[in-house]
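For reference, data_30.txt is printed below; it contains compact mmCIF, C-alpha atoms.
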# COMPACT_ATOMS: atom_id res chain seq x y z
CA MET Q 1274 188.38 87.48 -3.14
CA ARG Q 1275 191.68 85.87 -2.10
CA LYS Q 1276 193.60 88.58 -3.94
CA LEU Q 1277 191.48 91.25 -2.28
CA LEU Q 1278 192.17 89.85 1.18
CA ARG Q 1279 195.90 89.58 0.44
CA ILE Q 1280 196.07 93.24 -0.60
CA TYR Q 1281 194.07 94.71 2.29
CA LYS Q 1282 195.04 92.31 5.10
CA PRO Q 1283 197.86 94.64 6.26
CA PHE Q 1284 195.28 97.40 6.80
CA THR Q 1285 193.26 95.08 9.04
CA ARG Q 1286 196.38 94.20 11.02
CA ALA Q 1287 197.20 97.89 11.35
CA GLY Q 1288 193.68 98.53 12.65
CA VAL Q 1289 194.06 95.81 15.30
CA LEU Q 1290 197.41 97.23 16.41
CA MET Q 1291 196.02 100.78 16.57
CA ALA Q 1292 193.07 99.64 18.69
CA ALA Q 1293 195.31 97.54 20.95
CA GLN Q 1294 197.68 100.45 21.44
CA TYR Q 1295 194.94 102.44 23.15
CA ARG Q 1296 192.99 99.51 24.61
CA ALA Q 1297 192.89 101.03 28.11
CA ASN Q 1298 191.25 104.13 26.67
CA PHE Q 1299 188.84 101.96 24.69
CA ILE Q 1300 187.93 99.87 27.75
CA CYS Q 1301 187.27 103.06 29.75
CA PHE Q 1302 184.86 104.22 27.06
CA ILE Q 1303 183.13 100.82 27.10
CA VAL Q 1304 182.79 100.87 30.90
CA GLY Q 1305 181.44 104.44 30.79
CA ASP Q 1306 178.85 103.52 28.17
CA ILE Q 1307 177.80 100.43 30.14
CA LEU Q 1308 177.27 102.62 33.19
CA ARG Q 1309 175.06 104.84 31.02
CA CYS Q 1310 173.10 101.73 30.06
CA PHE Q 1311 172.49 100.99 33.74
CA ILE Q 1312 171.32 104.57 34.27
CA ASN Q 1313 168.81 104.04 31.44
CA TYR Q 1314 167.80 100.74 33.02
CA PHE Q 1315 166.97 102.36 36.38
CA LEU Q 1316 165.16 105.16 34.55
CA TRP Q 1317 162.89 102.76 32.65
CA HIS Q 1318 162.51 100.54 35.73
CA THR Q 1319 161.09 103.59 37.52
CA VAL Q 1320 158.80 104.35 34.57
CA PHE Q 1321 157.31 100.85 34.62
CA ASN Q 1322 156.97 100.79 38.42
CA SER Q 1323 155.31 104.21 38.58
CA GLY Q 1324 152.99 103.49 35.65
CA GLY Q 1325 151.70 100.25 37.09
CA ALA Q 1326 151.23 98.77 33.61
CA GLU Q 1327 153.06 95.67 32.40
CA THR Q 1328 153.76 97.19 29.00
CA PHE Q 1329 154.53 100.63 27.63
CA MET Q 1330 153.99 101.31 23.92
CA GLY Q 1331 154.10 97.57 23.30
CA PHE Q 1332 157.33 97.03 25.28
CA SER Q 1333 157.52 95.11 28.54
CA GLU Q 1334 160.21 95.96 31.07
CA ILE Q 1335 162.18 92.89 29.92
CA ASP Q 1336 161.91 94.08 26.31
CA MET Q 1337 163.08 97.56 27.28
CA VAL Q 1338 166.09 96.32 29.25
CA SER Q 1339 167.04 94.02 26.38
CA TYR Q 1340 166.62 96.93 23.95
CA ILE Q 1341 168.89 99.20 26.00
CA PHE Q 1342 171.81 96.77 26.19
CA ILE Q 1343 171.51 95.25 22.71
CA SER Q 1344 171.21 98.77 21.29
CA PHE Q 1345 174.45 99.67 23.07
CA LEU Q 1346 176.11 96.50 21.74
CA THR Q 1347 174.92 97.24 18.22
CA ALA Q 1348 176.14 100.84 18.37
CA THR Q 1349 179.53 99.68 19.68
CA ILE Q 1350 180.09 96.99 17.04
CA ALA Q 1351 178.60 98.97 14.13
CA TYR Q 1352 180.37 102.21 15.06
CA SER Q 1353 182.40 103.83 12.31
CA ASP Q 1354 184.80 106.73 12.63
CA GLY Q 1355 185.05 107.04 8.86
CA ALA Q 1356 183.80 110.62 8.64
CA PHE Q 1357 186.37 112.01 11.07
CA ALA Q 1358 189.19 109.78 9.81
CA VAL Q 1359 188.62 110.71 6.16
CA GLY Q 1360 188.24 114.37 7.10
CA GLU Q 1361 191.51 114.36 9.06
CA GLU Q 1362 193.46 112.76 6.21
CA ILE Q 1363 192.11 115.35 3.81
CA ARG Q 1364 192.91 118.16 6.26
CA ASP Q 1365 196.48 117.14 7.09
CA GLY Q 1366 197.37 115.85 3.62
CA ASN Q 1367 197.93 112.18 4.50
CA ILE Q 1368 195.33 111.31 1.91
CA SER Q 1369 198.06 111.80 -0.69
CA MET Q 1370 199.83 108.68 0.60
CA ARG Q 1371 196.74 106.57 -0.09
CA LEU Q 1372 196.27 108.13 -3.52
CA ILE Q 1373 199.71 107.13 -4.75
CA LYS Q 1374 199.20 103.47 -3.78
CA PRO Q 1375 197.46 100.96 -6.09
CA ILE Q 1376 194.56 100.50 -3.68
CA ARG Q 1377 190.99 101.65 -3.38
CA PHE Q 1378 190.57 104.53 -0.96
CA ASP Q 1379 187.31 103.29 0.61
CA LEU Q 1380 188.47 99.67 0.99
CA SER Q 1381 191.70 100.67 2.72
CA PHE Q 1382 189.64 102.50 5.37
CA LEU Q 1383 187.11 99.67 5.57
CA PHE Q 1384 189.67 96.94 6.27
CA GLN Q 1385 191.48 99.17 8.76
CA GLU Q 1386 188.24 99.75 10.65
CA LEU Q 1387 187.44 96.03 10.59
CA GLY Q 1388 190.64 95.51 12.53
CA GLU Q 1389 189.58 98.11 15.08
CA ARG Q 1390 186.11 96.55 15.36
CA THR Q 1391 187.73 93.20 16.15
CA LEU Q 1392 188.79 94.52 19.55
CA ALA Q 1393 185.29 95.84 20.29
CA LEU Q 1394 183.81 92.49 19.23
CA SER Q 1395 186.19 90.49 21.41
CA ILE Q 1396 185.60 92.63 24.51
CA ALA Q 1397 181.92 93.52 24.44
CA PHE Q 1398 179.99 90.98 22.38
CA VAL Q 1399 179.93 87.77 24.44
CA PRO Q 1400 179.54 89.42 27.92
CA LEU Q 1401 176.65 91.64 26.81
CA VAL Q 1402 174.75 88.93 24.92
CA ALA Q 1403 175.25 86.50 27.82
CA GLY Q 1404 174.17 89.16 30.33
CA VAL Q 1405 170.97 89.95 28.41
CA GLU Q 1406 170.08 86.29 28.02
CA LEU Q 1407 170.73 85.56 31.72
CA PHE Q 1408 168.58 88.54 32.68
CA ARG Q 1409 165.72 87.35 30.47
CA TYR Q 1410 166.04 83.83 31.87
CA PHE Q 1411 165.96 84.90 35.53
CA MET Q 1412 163.04 87.26 34.89
CA THR Q 1413 160.88 84.77 32.97
CA GLY Q 1414 162.18 81.37 34.04
CA THR Q 1415 162.49 80.30 30.41
CA VAL Q 1416 165.27 80.42 27.84
CA MET Q 1417 164.34 83.22 25.45
CA PHE Q 1418 167.41 82.92 23.24
CA ASN Q 1419 166.35 82.26 19.64
CA PRO Q 1420 169.18 80.96 17.41
CA LEU Q 1421 167.40 82.04 14.21
CA SER Q 1422 166.77 85.56 15.52
CA PHE Q 1423 170.38 85.72 16.67
CA LEU Q 1424 171.64 84.66 13.22
CA LEU Q 1425 169.41 87.23 11.51
CA TYR Q 1426 170.64 89.81 14.03
CA LEU Q 1427 174.23 89.10 12.99
CA VAL Q 1428 173.29 89.53 9.32
CA SER Q 1429 171.48 92.79 10.09
CA LEU Q 1430 174.37 93.96 12.31
CA THR Q 1431 176.84 93.39 9.46
CA LEU Q 1432 174.65 95.38 7.06
CA ALA Q 1433 174.25 98.10 9.71
CA TYR Q 1434 178.03 98.46 10.04
CA LEU Q 1435 178.56 98.66 6.28
CA ILE Q 1436 175.80 101.25 5.91
CA THR Q 1437 177.29 103.26 8.78
CA PHE Q 1438 180.74 103.05 7.23
CA TYR Q 1439 179.75 104.21 3.75
CA PHE Q 1440 177.41 106.87 5.13
CA ASN Q 1441 180.28 108.26 7.19
CA VAL Q 1442 182.70 108.09 4.28
CA CYS Q 1443 180.22 110.08 2.19
CA TYR Q 1444 180.03 112.64 4.97
CA GLY Q 1445 183.81 112.63 5.37
CA TYR Q 1446 184.21 113.69 1.75
CA SER Q 1447 182.64 117.02 2.69
CA ALA Q 1448 186.08 117.85 4.15
CA PHE Q 1449 187.13 118.52 0.56
CA VAL Q 1450 184.99 121.66 0.96
CA LEU Q 1451 184.73 122.30 4.72
CA LYS Q 1452 188.34 121.28 5.52
CA ASN Q 1453 187.57 120.58 9.21
CA LEU Q 1454 184.72 118.27 10.28
CA TRP Q 1455 185.24 118.10 14.05
CA GLY Q 1456 182.25 120.23 15.11
CA SER Q 1457 179.87 119.21 12.34
CA ASN Q 1458 180.72 115.54 12.90
CA LEU Q 1459 179.67 115.76 16.56
CA THR Q 1460 176.39 117.34 15.51
CA LYS Q 1461 175.86 114.64 12.90
CA GLU Q 1462 176.48 111.84 15.41
CA CYS Q 1463 173.94 113.28 17.87
CA ILE Q 1464 171.27 113.58 15.17
CA VAL Q 1465 171.94 110.11 13.77
CA SER Q 1466 171.92 108.57 17.26
CA PHE Q 1467 168.44 109.98 17.91
CA LEU Q 1468 166.99 109.16 14.48
CA SER Q 1469 168.39 105.62 14.49
CA GLY Q 1470 166.54 104.65 17.67
CA ALA Q 1471 169.70 104.37 19.75
CA VAL Q 1472 168.28 106.82 22.31
CA ILE Q 1473 164.64 105.68 22.39
CA PRO Q 1474 162.87 103.08 20.22
CA LEU Q 1475 161.29 104.47 17.07
CA ALA Q 1476 158.10 102.68 18.16
CA PHE Q 1477 157.73 105.40 20.82
CA MET Q 1478 157.56 108.09 18.13
CA PRO Q 1479 154.24 109.32 16.72
CA ALA Q 1480 152.97 106.77 14.20
CA TRP Q 1481 153.53 108.99 11.15
CA LEU Q 1482 157.05 109.97 12.24
CA GLY Q 1483 158.00 106.41 13.16
CA GLY Q 1484 156.78 105.21 9.76
CA VAL Q 1485 158.93 107.78 7.97
CA LEU Q 1486 162.02 107.06 10.08
CA ASN Q 1487 161.67 103.32 9.47
CA LEU Q 1488 162.01 103.96 5.74
CA LEU Q 1489 165.02 106.27 6.10
CA PRO Q 1490 168.55 104.83 6.42
CA PHE Q 1491 168.85 105.77 10.10
CA ALA Q 1492 166.64 102.92 11.32
CA ALA Q 1493 168.91 100.49 9.48
CA LEU Q 1494 171.85 101.58 11.63
CA SER Q 1495 170.56 100.43 15.02
CA TYR Q 1496 166.80 100.00 15.33
CA THR Q 1497 166.42 97.18 12.78
CA PRO Q 1498 169.03 94.76 14.20
CA VAL Q 1499 167.90 95.37 17.79
CA MET Q 1500 164.23 94.77 16.98
CA ILE Q 1501 165.19 91.54 15.20
CA TYR Q 1502 167.17 90.35 18.22
CA ILE Q 1503 164.43 90.99 20.79
CA GLY Q 1504 161.77 89.41 18.54
CA LYS Q 1505 159.68 92.50 17.84
CA LEU Q 1506 159.52 91.90 14.08
CA ASP Q 1507 157.54 89.15 12.39
CA ALA Q 1508 158.81 87.27 9.33
CA GLN Q 1509 157.43 89.83 6.90
CA GLY Q 1510 158.83 92.71 8.92
CA ILE Q 1511 162.28 91.08 9.01
CA ILE Q 1512 162.31 90.55 5.24
CA ILE Q 1513 161.25 94.15 4.56
CA SER Q 1514 163.77 95.54 7.07
CA LEU Q 1515 166.67 93.50 5.69
CA ALA Q 1516 165.69 94.48 2.14
CA LEU Q 1517 165.76 98.15 3.18
CA GLN Q 1518 169.21 97.65 4.69
CA VAL Q 1519 170.49 96.13 1.45
CA PHE Q 1520 168.97 99.01 -0.50
CA TRP Q 1521 170.58 101.68 1.68
CA LEU Q 1522 173.93 99.89 1.59
CA ALA Q 1523 173.84 99.85 -2.22
CA PHE Q 1524 172.74 103.50 -2.24
CA PHE Q 1525 175.54 104.81 -0.02
CA TYR Q 1526 178.14 102.61 -1.71
CA ALA Q 1527 177.21 104.04 -5.10
CA LEU Q 1528 176.96 107.57 -3.66
CA GLN Q 1529 180.45 107.49 -2.17
CA GLN Q 1530 181.85 106.29 -5.49
CA LEU Q 1531 180.24 109.23 -7.29
CA ILE Q 1532 181.32 111.76 -4.64
CA TRP Q 1533 184.88 110.41 -4.63
CA LYS Q 1534 185.26 110.73 -8.39
CA ALA Q 1535 183.94 114.30 -8.25
CA CYS Q 1536 185.87 115.49 -5.19
CA VAL Q 1537 189.29 113.97 -5.83
CA LYS Q 1538 189.59 116.19 -8.90
CA ARG Q 1539 189.47 119.29 -6.70
CA LEU Q 1540 191.69 118.06 -3.87
CA SER Q 1541 193.64 120.79 -2.15
CA VAL Q 1542 195.67 120.13 1.00
CA GLN Q 1543 195.99 122.78 3.67
CA GLY Q 1544 199.62 123.72 3.99
CA GLY Q 1545 200.49 121.46 1.04
Represent the structure of the file as structure tokens.
Amino acid sequence: MRKLLRIYKPFTRAGVLMAAQYRANFICFIVGDILRCFINYFLWHTVFNSGGAETFMGFSEIDMVSYIFISFLTATIAYSDGAFAVGEEIRDGNISMRLIKPIRFDLSFLFQELGERTLALSIAFVPLVAGVELFRYFMTGTVMFNPLSFLLYLVSLTLAYLITFYFNVCYGYSAFVLKNLWGSNLTKECIVSFLSGAVIPLAFMPAWLGGVLNLLPFAALSYTPVMIYIGKLDAQGIIISLALQVFWLAFFYALQQLIWKACVKRLSVQGG
């Protein structure tokens, strides 16, 4: 492990420097997304006020507000640009520079992204968690923060990021065939965002569809960690959900290894 960290630490440092170089742009994106969260808050606040019921599909207004902001936090921390980054390196030929180095292709991207995620973690994590907990306290008069749920959320969030990363790397390898992933990557992100529960909770889906989506890898990307944080899963549900996350992480890790071995043999660089 020490040797691994020594080899890939420069990639992490490079990721931090890249993120810091465009930190104003990053902060603008964060502020814009937070404003979108507030728009969703007022939307659901209107839904609860107009409906007259204290709960909607098993969610109270407090639950829904917590879901909106923790879902945004999860999506921000677990975000991976692996598909586009891998696709761009294949398209412009920079992938050749990684191939001639005695490093693993996937780990070099992973450690570089971890550096970039460090900036997101330092800017967004504490303010959003503190804001959600203060909101829940002022609305209920009691401290709703659960250290065990928070710890399990962190474990689930870590698994969610790794699944997202390897899923995107697998998708990025399609650039060996498609050459340019810009349009298809946008389409993929929209579909994944909806199926992962980042737009609306999967609990709001029809029972049969929600059951299917909970078994697919998309729920593991956002829905699972958020539901753990807000306390919507019992002990059995948490164990099953975390086990599914581990399964999908192992699946996509093995899949990207197989795809890489097959695709690197037919590498052709545009203009190269």
Sort by chain and increasing residue number a table of all residues of range 1279-1320 of chain Q within 7 Å of range 1385-1394 of chain Q, each with its closest pair of atoms and their distance in Å to one decimal, counting only C-alpha atoms, and write it as a tab-separated table.
residue	atom	partner	partner_atom	distance
Q:Phe1284	CA	Q:Gln1385	CA	4.6
Q:Thr1285	CA	Q:Gly1388	CA	4.4
Q:Arg1286	CA	Q:Gly1388	CA	6.1
Q:Ala1287	CA	Q:Gln1385	CA	6.4
Q:Gly1288	CA	Q:Gly1388	CA	4.3
Q:Val1289	CA	Q:Gly1388	CA	4.4
Q:Ala1292	CA	Q:Glu1389	CA	5.2
Exercise for the section: Would you mind listing what lies within 12 Å of Val1416 in chain Q as a PyMOL selection string, with all atoms listed in the file counted and same-chain residues fewer than 4 positions away left out? Expected result: chain Q and resi 1403+1405-1412+1420
Practice task
Quote the spacing between CA of Thr1328 in chain Q and CA of Thr1347 in chain Q in Å to one decimal place.
Solution key: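 CA of Thr1347 in chain Q lies 23.7 Å from CA of Thr1328 in chain Q.
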Handout entry: Nearest-residue call for Phe1491 in chain Q, choices Q:Tyr1446, Q:Phe1440, Q:Phe1342, Q:Phe1384, using only C-alpha atoms
Key =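 Smallest separation from Phe1491 in chain Q among the options: Q:Phe1440.
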Practice task
Show which residues sit within 12 Å of Leu1383 in chain Q, as a list in words. Count all atoms listed in the file, and ignore same-chain residues fewer than 6 positions away.
Solution key: Leu1278, Tyr1281, Lys1282, Pro1283, Phe1284, Thr1285, Ala1287, Gly1288, Tyr1352, Ser1353, Asp1354, Gly1355, Ala1356, Ala1358, Val1359, Ile1376, Arg1377, Glu1389, Arg1390, Tyr1434, Leu1435, Ile1436, Thr1437, Phe1438, Tyr1439, Asn1441, Val1442 and Tyr1526 of chain Q
Fill in the blank from the handout: The residue from Q:Leu1290, Q:Val1399, Q:Val1519, Q:Met1417 with the smallest atom-to-atom distance to Gly1504 in chain Q, counting all atoms listed in the file, is Q:Met1417
Your completed range 1477-1493 of chain Q with N, CA and C atoms, as a CSV table (one decimal), in the coordinates of the input:
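Heads up, here's the output in out23.csv:
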chain,number,residue,atom,x,y,z
Q,1477,PHE,N,158.3,104.4,19.9
Q,1477,PHE,CA,157.7,105.4,20.8
Q,1477,PHE,C,157.4,106.7,20.1
Q,1478,MET,N,157.8,106.9,18.9
Q,1478,MET,CA,157.6,108.1,18.1
Q,1478,MET,C,156.1,108.1,17.7
Q,1479,PRO,N,155.6,109.3,17.3
Q,1479,PRO,CA,154.2,109.3,16.7
Q,1479,PRO,C,154.2,108.4,15.5
Q,1480,ALA,N,153.1,107.8,15.2
Q,1480,ALA,CA,153.0,106.8,14.2
Q,1480,ALA,C,153.5,107.3,12.8
Q,1481,TRP,N,153.1,108.5,12.5
Q,1481,TRP,CA,153.5,109.0,11.2
Q,1481,TRP,C,155.0,109.2,11.1
Q,1482,LEU,N,155.6,109.7,12.2
Q,1482,LEU,CA,157.0,110.0,12.2
Q,1482,LEU,C,157.8,108.7,12.3
Q,1483,GLY,N,157.3,107.7,13.1
Q,1483,GLY,CA,158.0,106.4,13.2
Q,1483,GLY,C,158.0,105.7,11.8
Q,1484,GLY,N,156.9,105.8,11.1
Q,1484,GLY,CA,156.8,105.2,9.8
Q,1484,GLY,C,157.8,105.8,8.8
Q,1485,VAL,N,158.0,107.1,8.8
Q,1485,VAL,CA,158.9,107.8,8.0
Q,1485,VAL,C,160.4,107.4,8.3
Q,1486,LEU,N,160.7,107.4,9.6
Q,1486,LEU,CA,162.0,107.1,10.1
Q,1486,LEU,C,162.4,105.6,9.8
Q,1487,ASN,N,161.4,104.7,9.8
Q,1487,ASN,CA,161.7,103.3,9.5
Q,1487,ASN,C,162.1,103.1,8.0
Q,1488,LEU,N,161.7,104.1,7.2
Q,1488,LEU,CA,162.0,104.0,5.7
Q,1488,LEU,C,163.4,104.6,5.4
Q,1489,LEU,N,163.8,105.6,6.3
Q,1489,LEU,CA,165.0,106.3,6.1
Q,1489,LEU,C,166.2,105.4,6.5
Q,1490,PRO,N,167.4,105.7,6.1
Q,1490,PRO,CA,168.6,104.8,6.4
Q,1490,PRO,C,168.9,104.8,7.9
Q,1491,PHE,N,168.4,105.7,8.7
Q,1491,PHE,CA,168.8,105.8,10.1
Q,1491,PHE,C,168.4,104.6,10.9
Q,1492,ALA,N,167.2,104.1,10.6
Q,1492,ALA,CA,166.6,102.9,11.3
Q,1492,ALA,C,167.5,101.7,11.0
Q,1493,ALA,N,168.1,101.6,9.9
Q,1493,ALA,CA,168.9,100.5,9.5
Q,1493,ALA,C,170.2,100.4,10.3
